[in-house]
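*Asks:* Here you go, this is query-v8.txt (compact mmCIF, C-alpha atoms and all ligand atoms).
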# COMPACT_ATOMS: atom_id res chain seq x y z
CA MET A 774 14.43 36.52 2.99
CA LYS A 775 15.95 35.15 6.20
CA ILE A 776 14.94 31.75 7.55
CA THR A 777 13.12 32.29 10.84
CA ALA A 778 11.78 28.79 11.62
CA ILE A 779 12.02 25.21 10.38
CA GLU A 780 9.44 22.57 11.32
CA ALA A 781 9.61 18.80 10.83
CA ILE A 782 6.17 17.26 11.28
CA PRO A 783 5.81 13.46 11.14
CA PHE A 784 2.58 12.14 9.68
CA ALA A 785 1.15 8.74 8.72
CA ILE A 786 -1.32 7.97 5.94
CA PRO A 787 -2.17 4.32 5.15
CA TYR A 788 -2.03 2.92 1.63
CA THR A 789 -5.18 1.27 0.31
CA LYS A 790 -2.90 -0.98 -1.74
CA PRO A 791 0.58 -1.59 -0.30
CA LEU A 792 3.48 -1.52 -2.77
CA ARG A 793 5.72 -4.61 -2.75
CA PHE A 794 9.10 -4.90 -4.47
CA ALA A 795 12.36 -6.84 -4.17
CA SER A 796 13.92 -4.66 -1.45
CA GLY A 797 10.86 -4.06 0.73
CA GLU A 798 7.22 -3.06 0.96
CA VAL A 799 5.30 0.03 2.02
CA HIS A 800 1.94 -0.15 3.81
CA THR A 801 1.80 3.31 5.38
CA ALA A 802 3.27 6.58 4.17
CA LEU A 803 5.42 7.50 7.19
CA HIS A 804 6.55 10.87 5.87
CA VAL A 805 7.76 14.13 7.36
CA LEU A 806 6.28 17.47 6.35
CA VAL A 807 8.98 20.13 6.28
CA ARG A 808 8.04 23.79 6.62
CA VAL A 809 10.50 26.66 6.29
CA SER A 810 9.33 30.15 7.32
CA SER A 811 10.98 33.40 6.30
CA ASP A 812 10.97 36.84 7.86
CA ASP A 813 8.74 38.01 4.97
CA GLY A 814 5.98 35.82 6.37
CA ILE A 815 6.38 33.22 3.59
CA VAL A 816 6.20 29.48 4.32
CA GLY A 817 7.82 26.93 2.01
CA VAL A 818 6.72 23.28 2.15
CA ALA A 819 8.02 19.86 1.05
CA GLU A 820 7.95 16.28 2.33
CA ALA A 821 10.58 13.67 3.19
CA PRO A 822 9.59 9.98 2.81
CA ALA A 823 11.24 7.56 5.26
CA ARG A 824 12.72 4.71 3.19
CA PRO A 825 14.91 2.67 5.55
CA PHE A 826 15.34 -0.11 2.96
CA THR A 827 16.95 2.34 0.54
CA TYR A 828 18.57 5.17 2.53
CA GLY A 829 18.60 3.98 6.15
CA GLU A 830 16.48 6.93 7.26
CA THR A 831 13.42 6.44 9.47
CA GLN A 832 10.66 8.93 10.18
CA GLU A 833 12.18 9.50 13.63
CA SER A 834 15.68 9.97 12.23
CA ILE A 835 14.46 12.49 9.64
CA VAL A 836 12.69 14.52 12.33
CA ALA A 837 15.73 14.34 14.61
CA ALA A 838 18.20 15.31 11.86
CA ILE A 839 16.14 18.34 10.88
CA ARG A 840 15.31 19.48 14.40
CA THR A 841 18.66 18.90 16.05
CA LEU A 842 21.30 19.03 13.29
CA PHE A 843 20.02 21.16 10.43
CA ALA A 844 17.51 23.73 11.73
CA PRO A 845 19.81 25.23 14.40
CA ARG A 846 22.64 25.61 11.86
CA ILE A 847 20.75 27.27 8.99
CA THR A 848 18.10 29.35 10.78
CA GLY A 849 18.98 33.02 10.28
CA MET A 850 20.58 32.46 6.84
CA SER A 851 19.02 33.88 3.67
CA VAL A 852 16.95 31.43 1.61
CA MET A 853 19.02 32.60 -1.38
CA ASP A 854 22.22 31.18 0.16
CA ARG A 855 21.51 27.70 -1.15
CA GLU A 856 25.11 26.69 -1.80
CA ALA A 857 26.21 27.85 1.64
CA ILE A 858 23.24 26.07 3.20
CA HIS A 859 24.11 22.83 1.38
CA ALA A 860 27.73 23.12 2.50
CA ILE A 861 26.45 23.21 6.07
CA LEU A 862 23.98 20.35 5.57
CA ASP A 863 26.74 18.27 3.95
CA ARG A 864 28.85 18.44 7.10
CA THR A 865 26.49 15.62 8.13
CA VAL A 866 26.76 12.54 5.93
CA GLY A 867 23.68 10.69 4.66
CA ASN A 868 20.13 11.87 5.45
CA PRO A 869 19.29 12.43 1.77
CA THR A 870 15.52 12.84 2.08
CA ALA A 871 15.80 15.17 5.09
CA LYS A 872 18.25 17.41 3.21
CA SER A 873 16.19 17.27 0.01
CA ALA A 874 12.94 18.26 1.69
CA LEU A 875 14.75 21.27 3.18
CA ASP A 876 16.17 22.16 -0.23
CA MET A 877 12.76 22.00 -1.94
CA ALA A 878 11.04 23.94 0.84
CA LEU A 879 13.70 26.67 0.36
CA TRP A 880 12.95 26.76 -3.39
CA ASP A 881 9.26 27.02 -2.49
CA VAL A 882 10.01 30.07 -0.30
CA ILE A 883 12.06 31.63 -3.11
CA GLY A 884 9.32 31.07 -5.70
CA LYS A 885 6.62 32.48 -3.42
CA THR A 886 8.79 35.47 -2.50
CA LEU A 887 9.49 36.25 -6.17
CA GLY A 888 5.91 35.47 -7.20
CA GLN A 889 7.17 32.86 -9.71
CA PRO A 890 6.49 29.13 -10.19
CA VAL A 891 9.50 27.04 -9.16
CA THR A 892 9.16 24.97 -12.35
CA ALA A 893 9.75 28.17 -14.35
CA LEU A 894 12.69 29.19 -12.15
CA LEU A 895 14.26 25.76 -12.65
CA GLY A 896 14.01 25.62 -16.44
CA GLY A 897 10.45 26.18 -17.66
CA PHE A 898 10.77 23.75 -20.58
CA SER A 899 7.18 22.45 -20.52
CA ASP A 900 4.05 22.52 -18.41
CA SER A 901 3.60 18.77 -17.80
CA MET A 902 4.96 15.24 -18.03
CA ARG A 903 3.61 11.98 -19.36
CA VAL A 904 2.98 9.60 -16.46
CA SER A 905 4.46 6.15 -15.91
CA HIS A 906 2.80 3.87 -13.34
CA MET A 907 4.82 1.50 -11.15
CA LEU A 908 3.31 -1.99 -10.73
CA GLY A 909 4.28 -3.72 -7.46
CA PHE A 910 4.54 -7.47 -6.93
CA ALA A 911 1.34 -9.48 -7.32
CA GLU A 912 0.08 -12.40 -9.36
CA PRO A 913 0.12 -11.75 -13.14
CA ALA A 914 -3.68 -11.36 -13.45
CA LYS A 915 -3.77 -8.72 -10.69
CA MET A 916 -0.92 -6.72 -12.20
CA VAL A 917 -2.60 -6.82 -15.61
CA ALA A 918 -5.91 -5.68 -14.06
CA GLU A 919 -4.14 -2.77 -12.31
CA ALA A 920 -2.44 -1.70 -15.54
CA GLU A 921 -5.76 -1.84 -17.41
CA ARG A 922 -7.42 0.26 -14.70
CA MET A 923 -4.64 2.85 -14.89
CA ARG A 924 -4.91 2.97 -18.66
CA ASP A 925 -8.70 3.14 -18.74
CA THR A 926 -9.11 5.60 -15.84
CA TYR A 927 -6.09 7.88 -16.24
CA GLY A 928 -4.89 7.30 -19.81
CA ILE A 929 -1.52 5.95 -18.57
CA THR A 930 0.28 3.85 -21.20
CA THR A 931 3.75 3.47 -19.65
CA PHE A 932 4.36 0.93 -16.89
CA LYS A 933 7.37 0.13 -14.74
CA VAL A 934 7.11 -3.50 -13.64
CA LYS A 935 8.72 -4.51 -10.37
CA VAL A 936 10.81 -7.65 -10.85
CA GLY A 937 13.57 -9.36 -8.88
CA ARG A 938 11.66 -12.33 -7.46
CA LYS A 939 13.27 -15.74 -7.28
CA PRO A 940 12.90 -17.78 -9.37
CA PHE A 941 12.32 -15.17 -12.08
CA LYS A 942 9.62 -17.10 -13.93
CA LEU A 943 6.75 -15.25 -12.22
CA ASP A 944 8.22 -11.89 -13.24
CA VAL A 945 8.67 -13.08 -16.83
CA ASP A 946 5.06 -14.32 -16.81
CA VAL A 947 3.85 -10.93 -15.56
CA CYS A 948 5.70 -9.00 -18.27
CA ARG A 949 4.49 -11.40 -20.93
CA ALA A 950 0.88 -11.17 -19.70
CA LEU A 951 1.06 -7.36 -19.69
CA ARG A 952 2.34 -7.28 -23.24
CA GLU A 953 -0.23 -9.82 -24.44
CA GLU A 954 -3.23 -8.25 -22.69
CA LEU A 955 -2.41 -4.56 -23.18
CA GLY A 956 -0.93 -4.83 -26.67
CA ALA A 957 1.98 -3.33 -28.54
CA ASP A 958 1.16 0.32 -27.84
CA ILE A 959 2.05 0.38 -24.17
CA GLU A 960 5.61 0.96 -22.96
CA LEU A 961 7.00 -1.55 -20.45
CA TYR A 962 10.22 -1.44 -18.45
CA ILE A 963 11.48 -3.32 -15.41
CA ASP A 964 13.03 -2.52 -12.02
CA GLY A 965 14.68 -5.31 -10.00
CA ASN A 966 15.66 -3.36 -6.85
CA ARG A 967 18.84 -5.49 -6.79
CA GLY A 968 16.88 -8.73 -6.39
CA TRP A 969 18.75 -10.85 -8.94
CA THR A 970 22.37 -11.79 -9.49
CA PRO A 971 23.99 -10.61 -12.71
CA SER A 972 23.57 -14.00 -14.36
CA GLU A 973 19.93 -14.36 -13.24
CA SER A 974 19.35 -10.89 -14.66
CA LEU A 975 20.76 -11.81 -18.04
CA ARG A 976 18.79 -15.05 -18.17
CA ALA A 977 15.60 -13.15 -17.28
CA LEU A 978 16.33 -10.47 -19.91
CA ASN A 979 16.91 -13.20 -22.51
CA ALA A 980 13.63 -14.88 -21.51
CA MET A 981 11.88 -11.52 -22.14
CA ALA A 982 13.76 -10.62 -25.32
CA ASP A 983 10.55 -10.64 -27.39
CA ILE A 984 8.56 -8.42 -24.98
CA ASP A 985 10.09 -5.09 -26.11
CA LEU A 986 11.19 -3.72 -22.74
CA THR A 987 12.56 -0.18 -22.96
CA LEU A 988 14.66 0.09 -19.76
CA ALA A 989 16.17 -2.22 -17.15
CA GLU A 990 16.71 -0.70 -13.68
CA GLU A 991 18.89 -1.95 -10.79
CA LEU A 992 18.47 -5.63 -11.66
CA CYS A 993 21.45 -6.61 -9.47
CA PRO A 994 23.55 -4.83 -6.83
CA ALA A 995 26.08 -2.26 -8.04
CA ASP A 996 28.53 -3.84 -5.59
CA ASP A 997 28.59 -6.88 -7.90
CA VAL A 998 31.10 -4.73 -9.72
CA LEU A 999 32.39 -6.99 -12.48
CA GLY A 1000 29.15 -8.96 -12.83
CA ARG A 1001 27.14 -5.77 -13.18
CA LYS A 1002 29.53 -4.40 -15.81
CA TRP A 1003 29.28 -7.70 -17.66
CA LEU A 1004 25.48 -7.45 -17.51
CA VAL A 1005 25.30 -3.81 -18.63
CA GLU A 1006 27.58 -4.55 -21.60
CA GLN A 1007 25.15 -7.22 -22.81
CA CYS A 1008 21.91 -5.42 -22.01
CA THR A 1009 20.26 -4.19 -25.21
CA VAL A 1010 18.26 -1.38 -23.52
CA PRO A 1011 19.50 1.45 -21.26
CA PHE A 1012 20.43 0.10 -17.83
CA VAL A 1013 19.22 2.54 -15.15
CA ALA A 1014 21.02 3.26 -11.88
CA ASP A 1015 18.50 4.18 -9.19
CA GLU A 1016 19.33 3.53 -5.52
CA SER A 1017 22.99 2.84 -6.39
CA ALA A 1018 23.52 6.38 -7.73
CA THR A 1019 22.01 8.88 -5.32
CA THR A 1020 24.67 11.59 -5.38
CA PRO A 1021 26.52 13.32 -8.22
CA GLY A 1022 29.68 11.38 -7.30
CA GLU A 1023 27.89 8.03 -7.32
CA VAL A 1024 26.36 8.90 -10.69
CA THR A 1025 29.83 9.58 -12.12
CA ARG A 1026 31.13 6.29 -10.74
CA ALA A 1027 28.14 4.37 -12.11
CA LEU A 1028 28.37 5.87 -15.60
CA LEU A 1029 32.15 5.84 -16.00
CA GLY A 1030 32.50 2.45 -14.28
CA GLY A 1031 30.04 0.74 -16.63
CA ALA A 1032 27.52 0.00 -13.85
CA ALA A 1033 24.76 1.86 -15.74
CA ASN A 1034 24.18 4.00 -18.79
CA ALA A 1035 21.03 5.80 -17.63
CA VAL A 1036 20.03 7.39 -14.32
CA SER A 1037 16.85 7.71 -12.28
CA ILE A 1038 16.47 11.21 -10.82
CA LYS A 1039 14.40 11.38 -7.63
CA THR A 1040 13.74 14.79 -6.13
CA ALA A 1041 12.95 13.02 -2.84
CA ARG A 1042 16.67 12.24 -2.45
CA THR A 1043 18.41 15.00 -4.43
CA GLY A 1044 15.93 17.86 -3.98
CA PHE A 1045 15.96 20.42 -6.76
CA SER A 1046 19.53 21.66 -6.32
CA HIS A 1047 21.32 18.29 -6.46
CA SER A 1048 18.85 16.94 -9.05
CA GLN A 1049 20.05 19.79 -11.28
CA ARG A 1050 23.63 18.65 -10.75
CA VAL A 1051 22.76 15.04 -11.60
CA LEU A 1052 20.72 16.07 -14.65
CA PHE A 1053 23.37 18.39 -16.08
CA GLN A 1054 26.01 15.75 -15.49
CA CYS A 1055 23.91 13.17 -17.38
CA ASP A 1056 23.24 15.68 -20.17
CA GLY A 1057 26.93 16.40 -20.46
CA LEU A 1058 27.91 12.74 -20.50
CA GLY A 1059 25.09 11.73 -22.84
CA ALA A 1060 23.23 9.46 -20.42
CA GLU A 1061 19.44 9.17 -20.50
CA VAL A 1062 17.43 10.06 -17.41
CA VAL A 1063 14.06 9.03 -16.05
CA MET A 1064 12.16 10.90 -13.32
CA GLY A 1065 11.74 8.22 -10.66
CA ASN A 1066 9.29 7.66 -7.82
CA GLN A 1067 10.30 7.31 -4.17
CA ILE A 1068 6.79 5.98 -3.45
CA ASP A 1069 5.95 9.65 -3.09
CA GLY A 1070 2.72 11.14 -1.82
CA GLN A 1071 1.09 14.03 -3.65
CA LEU A 1072 3.58 16.56 -2.27
CA GLY A 1073 6.54 14.51 -3.42
CA THR A 1074 4.91 13.83 -6.78
CA LEU A 1075 4.28 17.54 -7.29
CA CYS A 1076 7.97 18.16 -6.57
CA THR A 1077 8.94 15.49 -9.12
CA VAL A 1078 6.79 16.99 -11.90
CA THR A 1079 7.91 20.52 -10.94
CA PHE A 1080 11.47 19.45 -11.70
CA GLY A 1081 10.74 16.97 -14.51
CA ALA A 1082 8.59 19.34 -16.57
CA ALA A 1083 11.27 22.02 -16.35
CA TYR A 1084 13.89 20.42 -18.62
CA LYS A 1085 14.01 18.93 -22.10
CA SER A 1086 15.83 15.70 -21.23
CA THR A 1087 13.60 14.87 -18.24
CA THR A 1088 10.49 15.10 -20.45
CA GLN A 1089 11.77 12.65 -23.08
CA ARG A 1090 10.42 9.75 -21.02
CA ALA A 1091 7.30 9.41 -18.90
CA GLY A 1092 7.90 10.27 -15.23
CA GLU A 1093 6.88 7.94 -12.39
CA LEU A 1094 4.12 10.13 -10.99
CA SER A 1095 1.13 8.01 -10.10
CA ASN A 1096 1.69 5.86 -7.02
CA PHE A 1097 0.03 8.42 -4.74
CA LEU A 1098 -3.19 6.98 -6.24
CA ASP A 1099 -2.71 3.99 -3.92
CA MET A 1100 -2.81 6.15 -0.76
CA SER A 1101 -6.05 6.37 1.21
CA ASP A 1102 -5.74 10.19 1.55
CA ASP A 1103 -3.22 13.01 1.25
CA LEU A 1104 -2.42 16.46 2.62
CA LEU A 1105 -2.87 18.65 -0.47
CA ALA A 1106 -5.86 21.02 -0.34
CA GLU A 1107 -6.17 20.73 -4.12
CA PRO A 1108 -5.48 17.10 -5.09
CA LEU A 1109 -3.33 16.17 -8.09
CA GLU A 1110 -5.17 14.94 -11.14
CA ILE A 1111 -3.80 12.72 -13.89
CA VAL A 1112 -5.75 13.31 -17.09
CA ASP A 1113 -5.05 11.72 -20.50
CA GLY A 1114 -1.90 10.18 -19.07
CA LYS A 1115 -0.41 13.56 -18.13
CA LEU A 1116 0.30 15.45 -14.93
CA PHE A 1117 0.78 19.22 -14.94
CA ALA A 1118 3.26 21.17 -12.85
CA ARG A 1119 1.60 24.08 -11.03
CA GLN A 1120 2.05 27.57 -12.46
CA THR A 1121 1.31 29.36 -9.19
CA PRO A 1122 4.13 30.97 -7.16
CA GLY A 1123 6.36 28.37 -5.52
CA ILE A 1124 5.83 24.64 -6.01
CA GLY A 1125 2.05 25.04 -5.72
CA ILE A 1126 1.57 23.15 -2.45
CA GLU A 1127 -1.28 24.19 -0.22
CA ILE A 1128 -1.75 22.00 2.83
CA ASP A 1129 -5.22 21.09 4.05
CA ALA A 1130 -5.00 22.08 7.74
CA GLY A 1131 -7.73 19.62 8.78
CA LYS A 1132 -5.97 16.70 7.13
CA LEU A 1133 -2.62 17.64 8.64
CA ALA A 1134 -4.25 17.77 12.08
CA LYS A 1135 -5.79 14.34 11.45
CA TYR A 1136 -2.63 12.59 10.23
CA ARG A 1137 0.20 14.26 12.13
CA LEU A 1138 1.86 12.09 14.77
CA ASP A 1139 3.27 14.80 17.01
CA ASP A 1140 1.30 16.92 19.45
CA GLY A 1141 0.89 19.79 17.00
CA ASN A 1142 3.00 22.29 18.94
C1 LIG A 1201 12.01 2.34 -7.24
O1 LIG A 1201 12.16 2.88 -8.32
O2 LIG A 1201 12.85 1.53 -6.90
C2 LIG A 1201 11.23 1.27 -4.36
C3 LIG A 1201 12.36 1.28 -3.62
C4 LIG A 1201 12.90 2.55 -3.74
O3 LIG A 1201 13.95 3.00 -3.25
O4 LIG A 1201 12.14 3.32 -4.55
C5 LIG A 1201 11.01 2.59 -4.95
C6 LIG A 1201 10.79 2.65 -6.40
MG MG A 1202 14.05 1.78 -8.78
What's the structure tokens form of this structure?

*Replies:*
Amino acid sequence: MKITAIEAIPFAIPYTKPLRFASGEVHTALHVLVRVSSDDGIVGVAEAPARPFTYGETQESIVAAIRTLFAPRITGMSVMDREAIHAILDRTVGNPTAKSALDMALWDVIGKTLGQPVTALLGGFSDSMRVSHMLGFAEPAKMVAEAERMRDTYGITTFKVKVGRKPFKLDVDVCRALREELGADIELYIDGNRGWTPSESLRALNAMADIDLTLAEELCPADDVLGRKWLVEQCTVPFVADESATTPGEVTRALLGGAANAVSIKTARTGFSHSQRVLFQCDGLGAEVVMGNQIDGQLGTLCTVTFGAAYKSTTQRAGELSNFLDMSDDLLAEPLEIVDGKLFARQTPGIGIEIDAGKLAKYRLDDGN
């Protein structure tokens, strides 16, 4: 079970509908496919999404970190030596999506070698998750139409609404229109990507007090330390830390410091191994979790549901598993399907990723060697 080769393959797939939010926008999925081969002839696969506006990584930096820093140091180790491998990766600070893709590709090798689904190895709690769809910035009528299409086509009834625009009236109008047009049965929550100040956040929450929001995520920066604590104390729904709590240590600081009382878990940035740490920490401290979306493609989404379906507390809420629907194409040979508002984890050995070789050849940005 020794690692014999590690590849980092940059690829680009355009979105048919770009996602816009307070901290940035994404028009093209500039991701990196990570492949780890073992001496048993097994290949594990995962993807790293470049999100410079959140983690500072670019597609080029992810490829460089894997090829020049990580691959030379862990090639030759056993795929079972995950803790030792992470200790080596963590000698380099940052690079969360590069490290996480490596971690998940290693789990994929382990699952395939053992002939077991990774979701079962992780926890095996359930076979699927309810899906939440993330609505990016647009005019209220367009966001309502998108939510209706998601509900009518895929049976999705939970929506995360991107907010954080200034002034906040447009965001309030959107949330109100969604509630009025889609009715009481849908679940709505908001994510500000740090776009508002603490006081703007509270005024916006008050203006939406009758809309029955279920979560409020990253409405203002966590560095607004006292203001954020003041906001969280007054917020009547769980306040979710997302990009401000991307490591177990940051999660502890956020929860104990009053900067949040719920946490978004994203396998794109904590892989499976560190997502376990974050989840168990939240379970132990009694903080709710939500499986978040790093604007993942189908590979990343499959990783999210592989982890999210595996545990009781990650299945309590719908996971953010649908934004790959906005991509013009993807690399999976067997595409993901959302049916009746649910997405299933794959019960085949490993994560269940099979790459379409033709599509990889079409979208990869390197020379293929
Ligand atoms: C989210 O939940 O914030 C947008 C920025 C980012 O880091 O992730 C996405 C979705
Ligand atoms: Mg977020």

*Asks:* Give me, as CSV, the closest atom pair and its distance (Å, one decimal) for every residue of chain A within a cut-off of 9 Å of ligand MG 1202 (chain A), counting all atoms listed in the file, rows sorted by chain and rising number.

*Replies:*
residue,atom,partner,partner_atom,distance
A:Lys935,CA,A:MG1202,MG,8.4
A:Ile963,CA,A:MG1202,MG,8.8
A:Asp964,CA,A:MG1202,MG,5.5
A:Gly965,CA,A:MG1202,MG,7.2
A:Asn966,CA,A:MG1202,MG,5.7
A:Arg967,CA,A:MG1202,MG,8.9
A:Glu990,CA,A:MG1202,MG,6.1
A:Glu991,CA,A:MG1202,MG,6.4
A:Val1013,CA,A:MG1202,MG,8.2
A:Ala1014,CA,A:MG1202,MG,7.8
A:Asp1015,CA,A:MG1202,MG,5.1
A:Glu1016,CA,A:MG1202,MG,6.4
A:Ser1037,CA,A:MG1202,MG,7.4
A:Gly1065,CA,A:MG1202,MG,7.1
A:Asn1066,CA,A:MG1202,MG,7.6
A:Gln1067,CA,A:MG1202,MG,8.1

*Asks:* Which protein, DNA or RNA residues have an atom at most 12 Å from (9.1, -3.0, -13.0), counting all atoms listed in the file? List them as an MDAnalysis selection string.

*Replies:* chainID A and resid 792:795 905:911 916 920 931:938 944:945 947:948 951 960:968 986:992 1013 1065:1066 1093

*Asks:* Give me the residues within 12 Å of Met850 of chain A as a list in words, counting all atoms listed in the file and dropping any in the same chain fewer than 2 places off.

*Replies:*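 Everything that qualifies: Met774, Lys775, Ile776, Thr777, Ala778, Ile779, Val809, Ser810, Ser811, Asp812, Phe843, Ala844, Pro845, Arg846, Ile847, Thr848, Val852, Met853, Asp854, Arg855, Glu856, Ala857, Ile858, His859, Ile861 and Leu879 of chain A.
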
*Asks:* Looking at A:Thr827, A:Ala1033, A:Glu1023, A:Asp985, which one is nearest to Arg1001 of chain A, with distances taken over all atoms listed in the file?

*Replies:*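 The closest residue to Arg1001 of chain A is A:Ala1033.
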
*Asks:* If I take atom CA of Thr1040 of chain A and atom CA of Thr1077 of chain A, how far is one from the other in Å, to one decimal?

*Replies:*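 Atom CA of Thr1077 of chain A lies at a distance of 5.7 Å from atom CA of Thr1040 of chain A.
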
*Asks:* Go through A:Val1010, A:Val1036, A:Ile959, A:Leu1052 and flag the residue nearest ligand LIG 1201 (chain A), using all atoms listed in the file for the distances.

*Replies:*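 Once distances to ligand LIG 1201 (chain A) are computed over all atoms listed in the file, the minimum belongs to A:Val1036.
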
*Asks:* What does the structure give for the distance between atom CA of Thr930 of chain A and atom CA of Asp1102 of chain A, in Å to one decimal?

*Replies:*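 If I compute the distance from atom CA of Thr930 of chain A to atom CA of Asp1102 of chain A, I get 24.4 Å.
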